[in-house]
Amino acid sequence: MAGPVVLVVDDSPTIRKIVEITLKRQGVQVVTAPSGVIALAAIANTPPQLILLDIMLPKVNGYQICQIIRRNPEYKHIPVVMLSGKDGVFDKVRGKLVGATEYITKPFEPRDLLRVVRKYVQFDAEPGGTRHGAVPIGAGRVG
């Protein structure tokens, strides 16, 4: 049987790929989207158990997407973890106000990502132990 589904929404192909590789090693099915509009279509096609949502997206930002998800009775129960390069109190409060479940600041380590994902999704332990903690996710991303 297939593993849980996690939707990763980020306009950075590098972030999407690193998160995808990290989670797939845990047996998680990963659906990726480069924008909020594509993310909404992905949620309708394959409802995920968790959404990892970047705040800075083209056209429709992560805050707006989170609000849309929370207003939909079919999807409002899905945990949404906001991802951002901003770590200010205002940004975190704004995330909570629109319904975000949690907030992760980029760059972050794969082990930190896995710790947060494990709060909301059950998946298998990583084969061979944790060996991916040395590469920070999002390092070098601007915005």
# chains A, B, ... in the order shown; residues from 1 in each chain; ligands from 1
>>> select_by_dssp(residues="range 16-124 of chain A", states="alpha helix (DSSP H)", output="PyMOL selection string")
chain A and resi 16-24+36-45+62-71+89-97+110-120
>>> residues_around(residues="Ile21 in chain A", least_positions_apart="4", cutoff="12 Å", atoms="only C-alpha atoms", output="PyMOL selection string")
chain A and resi 8+14-17+25-32+110+113-114+126+132+137
>>> residues_around(residues="Lys59 in chain A", least_positions_apart="6", cutoff="12 Å", atoms="only C-alpha atoms", output="list in words")
Asp11, Pro34, Ser35, Gly36, Val37, Ile38 and Ile65 of chain A
>>> write_last_selection(atoms="N, CA and C atoms", output="short mmCIF file (atom, residue, chain, number, x, y, z; two decimals), in the first residue's frame")
data_model
loop_
_atom_site.label_atom_id
_atom_site.label_comp_id
_atom_site.auth_asym_id
_atom_site.auth_seq_id
_atom_site.Cartn_x
_atom_site.Cartn_y
_atom_site.Cartn_z
N ASP A 11 7.94 27.87 -4.91
CA ASP A 11 8.32 28.29 -6.25
C ASP A 11 9.78 27.95 -6.58
N PRO A 34 4.51 24.44 -7.99
CA PRO A 34 5.33 25.65 -7.99
C PRO A 34 4.55 26.93 -7.67
N SER A 35 3.23 26.82 -7.57
CA SER A 35 2.41 28.00 -7.30
C SER A 35 1.17 27.61 -6.51
N GLY A 36 0.52 28.62 -5.95
CA GLY A 36 -0.69 28.39 -5.18
C GLY A 36 -1.84 27.87 -6.01
N VAL A 37 -1.97 28.39 -7.22
CA VAL A 37 -3.06 27.96 -8.10
C VAL A 37 -2.91 26.48 -8.44
N ILE A 38 -1.71 26.06 -8.77
CA ILE A 38 -1.46 24.65 -9.06
C ILE A 38 -1.66 23.81 -7.80
N ILE A 65 -3.45 31.32 0.03
CA ILE A 65 -3.76 29.91 -0.24
C ILE A 65 -4.23 29.23 1.04
#
>>> atom_distance(atom1="CA of Val5 in chain A", atom2="CA of Leu53 in chain A")
14.1 Å
>>> residues_around(residues="Lys96 in chain A", least_positions_apart="5", cutoff="12 Å", atoms="only C-alpha atoms", output="list of chain:residue names")
A:Tyr63, A:Cys66, A:Gln67, A:Arg70, A:Pro79, A:Val80, A:Val81, A:Met82, A:Val89, A:Phe90, A:Asp91, A:Thr101, A:Glu102, A:Tyr103
>>> residues_around(residues="range 72-75 of chain A", least_positions_apart="4", cutoff="10 Å", atoms="only C-alpha atoms", output="list in words")
Ile43, Ala44, Pro47, Pro48, Gln49, Gln67, Ile68 and Pro79 of chain A
>>> write_last_selection(atoms="C-alpha atoms", output="mmCIF file, in the first residue's frame")
data_model
loop_
_atom_site.group_PDB
_atom_site.id
_atom_site.type_symbol
_atom_site.label_atom_id
_atom_site.label_comp_id
_atom_site.auth_asym_id
_atom_site.auth_seq_id
_atom_site.Cartn_x
_atom_site.Cartn_y
_atom_site.Cartn_z
ATOM 1 C CA ILE A 43 -5.395 19.304 -3.394
ATOM 2 C CA ALA A 44 -8.598 18.648 -5.325
ATOM 3 C CA PRO A 47 -6.040 15.373 -1.059
ATOM 4 C CA PRO A 48 -2.859 15.275 1.041
ATOM 5 C CA GLN A 49 -2.440 14.463 4.727
ATOM 6 C CA GLN A 67 -7.109 31.055 3.833
ATOM 7 C CA ILE A 68 -8.702 29.393 0.792
ATOM 8 C CA PRO A 79 -2.523 20.587 8.559
#
>>> select_by_dssp(residues="range 5-58 of chain A", states="strand (DSSP E or B)", output="count of residues only")
15
>>> closest_residue(among="A:Val60, A:Ile69, A:Ile78, A:Leu7", to="Val98 in chain A", atoms="only C-alpha atoms")
A:Ile69
>>> atom_distance(atom1="CA of Ala100 in chain A", atom2="CA of Leu50 in chain A")
11.2 Å
>>> decode(residues="range 97-120 of chain A", atoms="N, CA and C atoms", output="short mmCIF file (atom, residue, chain, number, x, y, z; two decimals), in the first residue's frame")
data_model
loop_
_atom_site.label_atom_id
_atom_site.label_comp_id
_atom_site.auth_asym_id
_atom_site.auth_seq_id
_atom_site.Cartn_x
_atom_site.Cartn_y
_atom_site.Cartn_z
N LEU A 97 -2.95 33.50 12.06
CA LEU A 97 -4.23 34.16 11.82
C LEU A 97 -4.95 33.61 10.58
N VAL A 98 -4.20 33.18 9.57
CA VAL A 98 -4.84 32.63 8.37
C VAL A 98 -5.09 31.13 8.48
N GLY A 99 -4.67 30.54 9.62
CA GLY A 99 -4.98 29.13 9.85
C GLY A 99 -3.83 28.16 9.73
N ALA A 100 -2.60 28.66 9.64
CA ALA A 100 -1.46 27.75 9.57
C ALA A 100 -1.34 26.94 10.85
N THR A 101 -0.99 25.69 10.71
CA THR A 101 -0.82 24.79 11.83
C THR A 101 0.52 25.02 12.51
N GLU A 102 1.53 25.28 11.68
CA GLU A 102 2.89 25.46 12.18
C GLU A 102 3.67 26.30 11.18
N TYR A 103 4.87 26.73 11.57
CA TYR A 103 5.67 27.64 10.77
C TYR A 103 7.12 27.17 10.85
N ILE A 104 7.76 26.99 9.69
CA ILE A 104 9.18 26.61 9.65
C ILE A 104 9.93 27.71 8.91
N THR A 105 11.05 28.14 9.47
CA THR A 105 11.87 29.15 8.83
C THR A 105 12.96 28.50 7.99
N LYS A 106 13.12 28.98 6.76
CA LYS A 106 14.19 28.51 5.87
C LYS A 106 15.43 29.36 6.11
N PRO A 107 16.62 28.78 5.94
CA PRO A 107 16.87 27.38 5.63
C PRO A 107 16.66 26.49 6.86
N PHE A 108 16.30 25.24 6.59
CA PHE A 108 16.12 24.30 7.68
C PHE A 108 16.78 22.98 7.31
N GLU A 109 17.12 22.22 8.32
CA GLU A 109 17.78 20.93 8.13
C GLU A 109 16.74 19.86 7.81
N PRO A 110 17.09 18.87 7.00
CA PRO A 110 16.14 17.78 6.72
C PRO A 110 15.60 17.12 7.98
N ARG A 111 16.44 16.95 9.00
CA ARG A 111 15.96 16.30 10.23
C ARG A 111 14.90 17.16 10.92
N ASP A 112 15.03 18.50 10.82
CA ASP A 112 14.03 19.39 11.41
C ASP A 112 12.72 19.31 10.63
N LEU A 113 12.83 19.24 9.32
CA LEU A 113 11.64 19.06 8.48
C LEU A 113 10.94 17.75 8.85
N LEU A 114 11.69 16.68 8.97
CA LEU A 114 11.10 15.38 9.31
C LEU A 114 10.45 15.40 10.68
N ARG A 115 11.05 16.09 11.62
CA ARG A 115 10.46 16.17 12.96
C ARG A 115 9.08 16.84 12.90
N VAL A 116 8.96 17.90 12.13
CA VAL A 116 7.67 18.58 12.00
C VAL A 116 6.67 17.71 11.23
N VAL A 117 7.11 17.12 10.14
CA VAL A 117 6.21 16.28 9.34
C VAL A 117 5.69 15.11 10.16
N ARG A 118 6.54 14.53 10.99
CA ARG A 118 6.13 13.38 11.82
C ARG A 118 5.05 13.74 12.82
N LYS A 119 4.91 15.00 13.17
CA LYS A 119 3.82 15.41 14.07
C LYS A 119 2.46 15.18 13.43
N TYR A 120 2.40 15.25 12.10
CA TYR A 120 1.12 15.24 11.40
C TYR A 120 0.91 14.05 10.48
#
